[in-house]
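*Asks:* Below are the structure tokens for one structure; questions will follow.
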Amino acid sequence: MTLVLRLPDGPHRLRAPAVLDVPDRPITSRVVYAAAHVVADPLGDNRPGAPAAVDWDTTLAFRRHLWSLGLGVADAMDTAQRGMGLDWHATRELITRSGAEARAVGGRLACGVGTDHLTGPPSLPAVIDAYQEQLAVVEEAGARPILMASRALAAVAKGPEDYLHVYGEVIDTASQPVILHWLGEMFDPALAGYWGGANLDDATDTVLDLIRENEPRVDGIKVSLLDADREIALRRALPEGVRLYTGDDFHYPDLIRGDEAGHSDALLGVFDPIAEVAAAALRALDVGDTARYDALMEPTLPLARHLFATPTYHYKTGVVFLAWLAGHQTHFTMVAGAQSGRSVPHLTELFRLADAAGVLPDPELAAHRMRQFLQVSGVDA
């Protein structure tokens, strides 16, 4: 293939699409969720501060695509712009619609339970009530609950005991084991000091206390701290049967592959744009072919590290940009106007890295859309 695109920093020759052995059944060696983005309605009033206008048909079609690859779907998470443009009204509809789709296709689904619909000054009882209200919506949809880190709880909690109290109350309400959610402040600065400790060691102690006190009712914990050594240490300290779902978009290949002492499962935003490659790699892992797993996963790391570069919370812009380039949607528009969150140079490099990682299934379409983007941005491509 000799498809060349002139980019601002020089010409780029696109690679031929990789031939992937993608599973047509669920992954078996790991429990894996791809945190999925939402597709905005391009004709909706998706300006900053406005209620989210969602293209439901395309949003749900993308979830069916993820399930068809053997991946689970984690919905209503930060990848879906939860708390960053996706309001609770739209989130509740997303959870309900995704639950119906999951039942129809037999797909694995977990959904975020948060407190983002709270208004007014928060209190511990109000946080508990908010969590429980959203928990009921997720359970009615038939999804596994993910108890998301709460900005309101971070604002009102005085120390570890408040976190233990709030989470204990909510876990007691759940009718099934829950997934806990530890999101670092690089993803959301409002979560600084979460779990009430002065440092991450203290926070880890609180998390382990919470899990040990509620062990039968905790399926696992998603950890997004971008610190592989800390994740491994926590994984080894967990009670048997409690999963560590990596949310580390910088070190996921090694963490998922694991070592002689165990491995991480996965709940990852980066699995949205690299879904086909990740599914093929995990299929290789299912049959013990770690060499093939490494060969597929390693080229995605430079892409992931650029996608999640600081300010990390703008990674969602890159996720949607790649979904547009790959043909999963017809436009590069986001709720709350978040398509402006990354610069032209950032997205140009993202295009190069996505091609190198083999995640652009139709190079001609990707090149055409990249050329359109550059021209609209005032760059002669």
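Naming scheme: A, B, ... for chains in displayed order of the structure tokens; residues 1 onward per chain; ligands 1 onward as shown.
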Wanna dump the range 97-198 of chain A-range 51-65 of chain A contacts at 9 Å for me, each residue with its shortest atom pair and the distance in Å to one decimal, counting only C-alpha atoms, ordered by chain and number, as a Markdown table?

*Replies:*
| residue | atom | partner | partner_atom | distance |
| --- | --- | --- | --- | --- |
| A:Arg97 | CA | A:Leu60 | CA | 7.8 |
| A:Ser98 | CA | A:Leu60 | CA | 6.8 |
| A:Glu101 | CA | A:Leu60 | CA | 7.4 |
| A:Ala102 | CA | A:Arg64 | CA | 8.1 |
| A:Val105 | CA | A:Arg64 | CA | 7.8 |
| A:Gly107 | CA | A:Arg64 | CA | 8.2 |

*Asks:* Using only C-alpha atoms, determine which residues lie at most 12 Å from Ala367 in chain A, disregarding the query and same-chain residues fewer than 2 positions distant; provide the list as JSON, numbers by chain.

*Replies:* {"A": [2, 3, 4, 5, 6, 7, 11, 12, 13, 14, 15, 322, 324, 325, 326, 327, 348, 351, 352, 354, 355, 360, 361, 362, 363, 364, 365, 369, 370, 371, 372, 373, 374, 381]}

*Asks:* For a quick check of understanding, using only C-alpha atoms, which of A:Leu43, A:Leu183, A:Ile274, A:Leu238 has the smallest distance to Ser224 in chain A?

*Replies:*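 Counting only C-alpha atoms, the residue closest to Ser224 in chain A is A:Leu183.
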
*Asks:* Calculated over only C-alpha atoms, which of the candidates A:Ala323, A:Tyr33, A:His89, A:Leu71 has the smallest distance to Arg283 in chain A?

*Replies:*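 With only C-alpha atoms as the atom set, the closest residue is A:Leu71.
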
*Asks:* Report, in Å to a single decimal, how far apart CA of Ala198 in chain A and CA of Gly159 in chain A are.

*Replies:*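 Going from CA of Gly159 in chain A over to CA of Ala198 in chain A, I get 9.3 Å.
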
*Asks:* What does the distance from CA of Val218 in chain A to CA of Val178 in chain A come to in Å, to one decimal?

*Replies:* 5.0 Å

*Asks:* Neighbours of Gly258 in chain A within 12 Å (only C-alpha atoms; same-chain residues fewer than 6 positions away dropped), as a VMD selection string?

*Replies:* chain A and resid 29 to 30 228 231 to 232 235 to 236 244 246 251 to 252 264 to 266 285 290 294

*Asks:* Compare A:Ile27, A:Ala35, A:Met84, A:Met297 by their minimum atom-to-atom distance to Met334 in chain A, counting only C-alpha atoms, and give me the closest one.

*Replies:*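 For Met334 in chain A, the nearest of the given residues is A:Met84.
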
*Asks:* For Thr204 in chain A, list every protein, DNA or RNA residue within 10 Å, evaluated using only C-alpha atoms, and leave out those in the same chain fewer than 3 positions away; present the list as JSON, numbers by chain.

*Replies:* {"A": [182, 195, 197, 199, 200, 201, 207, 208, 209, 210, 230, 231, 233, 234, 237]}

*Asks:* May I have the selected residues written with N, CA, C and O atoms, as a PDB file, in the first residue's frame?

*Replies:*
ATOM      1  N   TRP A 182     -11.102   3.539  42.083  1.00  0.00           N
ATOM      2  CA  TRP A 182     -10.106   4.465  42.623  1.00  0.00           C
ATOM      3  C   TRP A 182      -9.507   5.222  41.449  1.00  0.00           C
ATOM      4  O   TRP A 182      -8.685   4.691  40.704  1.00  0.00           O
ATOM      5  N   TRP A 195     -10.110   8.848  49.704  1.00  0.00           N
ATOM      6  CA  TRP A 195     -10.022   7.850  50.771  1.00  0.00           C
ATOM      7  C   TRP A 195      -9.556   8.456  52.088  1.00  0.00           C
ATOM      8  O   TRP A 195      -9.418   7.760  53.082  1.00  0.00           O
ATOM      9  N   GLY A 197      -6.775   9.809  53.230  1.00  0.00           N
ATOM     10  CA  GLY A 197      -5.430   9.680  53.754  1.00  0.00           C
ATOM     11  C   GLY A 197      -4.544  10.839  53.347  1.00  0.00           C
ATOM     12  O   GLY A 197      -4.802  11.516  52.352  1.00  0.00           O
ATOM     13  N   ASN A 199      -1.569  10.477  52.255  1.00  0.00           N
ATOM     14  CA  ASN A 199      -0.766  10.045  51.125  1.00  0.00           C
ATOM     15  C   ASN A 199      -1.353   8.748  50.574  1.00  0.00           C
ATOM     16  O   ASN A 199      -2.314   8.193  51.129  1.00  0.00           O
ATOM     17  N   LEU A 200      -0.770   8.243  49.490  1.00  0.00           N
ATOM     18  CA  LEU A 200      -1.317   7.055  48.839  1.00  0.00           C
ATOM     19  C   LEU A 200      -1.154   5.793  49.673  1.00  0.00           C
ATOM     20  O   LEU A 200      -1.957   4.867  49.562  1.00  0.00           O
ATOM     21  N   ASP A 201      -0.132   5.740  50.527  1.00  0.00           N
ATOM     22  CA  ASP A 201       0.006   4.584  51.410  1.00  0.00           C
ATOM     23  C   ASP A 201      -1.162   4.509  52.386  1.00  0.00           C
ATOM     24  O   ASP A 201      -1.741   3.432  52.612  1.00  0.00           O
ATOM     25  N   VAL A 207      -8.500   1.526  51.658  1.00  0.00           N
ATOM     26  CA  VAL A 207      -9.126   0.685  50.636  1.00  0.00           C
ATOM     27  C   VAL A 207      -9.118  -0.778  51.061  1.00  0.00           C
ATOM     28  O   VAL A 207     -10.130  -1.490  50.947  1.00  0.00           O
ATOM     29  N   LEU A 208      -7.991  -1.231  51.569  1.00  0.00           N
ATOM     30  CA  LEU A 208      -7.910  -2.632  51.995  1.00  0.00           C
ATOM     31  C   LEU A 208      -8.818  -2.899  53.190  1.00  0.00           C
ATOM     32  O   LEU A 208      -9.448  -3.963  53.270  1.00  0.00           O
ATOM     33  N   ASP A 209      -8.916  -1.951  54.119  1.00  0.00           N
ATOM     34  CA  ASP A 209      -9.848  -2.103  55.243  1.00  0.00           C
ATOM     35  C   ASP A 209     -11.273  -2.243  54.728  1.00  0.00           C
ATOM     36  O   ASP A 209     -12.046  -3.103  55.208  1.00  0.00           O
ATOM     37  N   LEU A 210     -11.658  -1.391  53.779  1.00  0.00           N
ATOM     38  CA  LEU A 210     -13.006  -1.433  53.226  1.00  0.00           C
ATOM     39  C   LEU A 210     -13.284  -2.780  52.563  1.00  0.00           C
ATOM     40  O   LEU A 210     -14.348  -3.385  52.782  1.00  0.00           O
ATOM     41  N   ARG A 230       2.574   0.305  42.490  1.00  0.00           N
ATOM     42  CA  ARG A 230       1.542   0.404  43.527  1.00  0.00           C
ATOM     43  C   ARG A 230       0.380  -0.524  43.218  1.00  0.00           C
ATOM     44  O   ARG A 230      -0.177  -1.158  44.118  1.00  0.00           O
ATOM     45  N   GLU A 231       0.009  -0.606  41.954  1.00  0.00           N
ATOM     46  CA  GLU A 231      -1.086  -1.505  41.587  1.00  0.00           C
ATOM     47  C   GLU A 231      -0.739  -2.956  41.891  1.00  0.00           C
ATOM     48  O   GLU A 231      -1.559  -3.701  42.439  1.00  0.00           O
ATOM     49  N   ALA A 233       1.372  -4.100  44.102  1.00  0.00           N
ATOM     50  CA  ALA A 233       1.398  -4.300  45.552  1.00  0.00           C
ATOM     51  C   ALA A 233      -0.020  -4.437  46.103  1.00  0.00           C
ATOM     52  O   ALA A 233      -0.291  -5.301  46.958  1.00  0.00           O
ATOM     53  N   LEU A 234      -0.939  -3.606  45.623  1.00  0.00           N
ATOM     54  CA  LEU A 234      -2.326  -3.700  46.076  1.00  0.00           C
ATOM     55  C   LEU A 234      -2.937  -5.013  45.618  1.00  0.00           C
ATOM     56  O   LEU A 234      -3.635  -5.687  46.394  1.00  0.00           O
ATOM     57  N   ALA A 237      -2.090  -7.785  47.808  1.00  0.00           N
ATOM     58  CA  ALA A 237      -2.634  -7.676  49.161  1.00  0.00           C
ATOM     59  C   ALA A 237      -4.133  -7.936  49.232  1.00  0.00           C
ATOM     60  O   ALA A 237      -4.689  -8.065  50.333  1.00  0.00           O
TER      61      ALA A 237
END

*Asks:* Which residue gives the smallest distance to Ser68 in chain A among A:Ala279, A:Asp188, A:Ile128, A:Gly262, with only C-alpha atoms counted?

*Replies:*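 Among the listed residues, the smallest separation from Ser68 in chain A belongs to A:Ala279.
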
*Asks:* Name the residues of range 114-314 of chain A that come out as strand (DSSP E) in a backbone DSSP run; write them as a list of chain:residue names.

*Replies:*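 Checking each residue of range 114-314 of chain A, the strand (DSSP E) ones are A:Arg144, A:Pro145, A:Ile146, A:Leu147, A:Val178, A:Ile179, A:Leu180, A:His181, A:Trp182, A:Leu183, A:Val218, A:Asp219, A:Gly220, A:Ile221, A:Lys222, A:Val223, A:Ser224, A:Arg243, A:Leu244, A:Tyr245, A:Thr246, A:Asp265, A:Ala266, A:Leu267, A:Leu268.
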
*Asks:* Can those selected residues be exported to a file as an mmCIF file, in the first residue's frame so that it contains C-alpha atoms?

*Replies:*
data_model
loop_
_atom_site.group_PDB
_atom_site.id
_atom_site.type_symbol
_atom_site.label_atom_id
_atom_site.label_comp_id
_atom_site.auth_asym_id
_atom_site.auth_seq_id
_atom_site.Cartn_x
_atom_site.Cartn_y
_atom_site.Cartn_z
ATOM 1 C CA ARG A 144 -22.876 -4.818 37.609
ATOM 2 C CA PRO A 145 -22.475 -1.638 39.701
ATOM 3 C CA ILE A 146 -19.204 0.291 39.689
ATOM 4 C CA LEU A 147 -19.134 2.622 42.701
ATOM 5 C CA VAL A 178 -19.816 -4.280 43.372
ATOM 6 C CA ILE A 179 -16.679 -2.955 41.700
ATOM 7 C CA LEU A 180 -14.943 -0.175 43.603
ATOM 8 C CA HIS A 181 -13.338 2.676 41.685
ATOM 9 C CA TRP A 182 -10.106 4.465 42.623
ATOM 10 C CA LEU A 183 -9.514 7.307 40.176
ATOM 11 C CA VAL A 218 -16.840 -6.738 46.520
ATOM 12 C CA ASP A 219 -16.141 -8.194 43.077
ATOM 13 C CA GLY A 220 -13.030 -6.096 42.616
ATOM 14 C CA ILE A 221 -11.516 -2.642 42.446
ATOM 15 C CA LYS A 222 -10.591 -0.582 39.392
ATOM 16 C CA VAL A 223 -7.359 1.312 40.007
ATOM 17 C CA SER A 224 -6.401 4.266 37.815
ATOM 18 C CA ARG A 243 -10.135 -8.784 41.383
ATOM 19 C CA LEU A 244 -7.819 -5.913 40.567
ATOM 20 C CA TYR A 245 -9.133 -4.257 37.418
ATOM 21 C CA THR A 246 -6.325 -2.212 35.955
ATOM 22 C CA ASP A 265 -8.030 -7.930 34.926
ATOM 23 C CA ALA A 266 -8.960 -4.785 33.023
ATOM 24 C CA LEU A 267 -11.387 -1.873 32.953
ATOM 25 C CA LEU A 268 -9.743 0.524 30.535
#

*Asks:* Report as an NGL selection string all protein, DNA and RNA residues lying within 9 Å of Leu124 in chain A, evaluated on only C-alpha atoms, omitting residues in the same chain fewer than 4 positions from it.

*Replies:* :A and (128-129 or 152-153 or 156-157 or 162 or 165-166)

*Asks:* Show me, as an MDAnalysis selection string, the residues that have an atom within 9 Å of Gly168 in chain A when counting only C-alpha atoms, minus same-chain residues fewer than 4 positions from it.

*Replies:* chainID A and resid 163:164 172:173 210 213:214

*Asks:* Between A:Leu353, A:Val319, A:Val137, A:Cys111, which has the minimum distance to Ala338 in chain A (counting only C-alpha atoms)?

*Replies:*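 Among A:Leu353, A:Val319, A:Val137, A:Cys111, it is A:Val319 that comes nearest to Ala338 in chain A.
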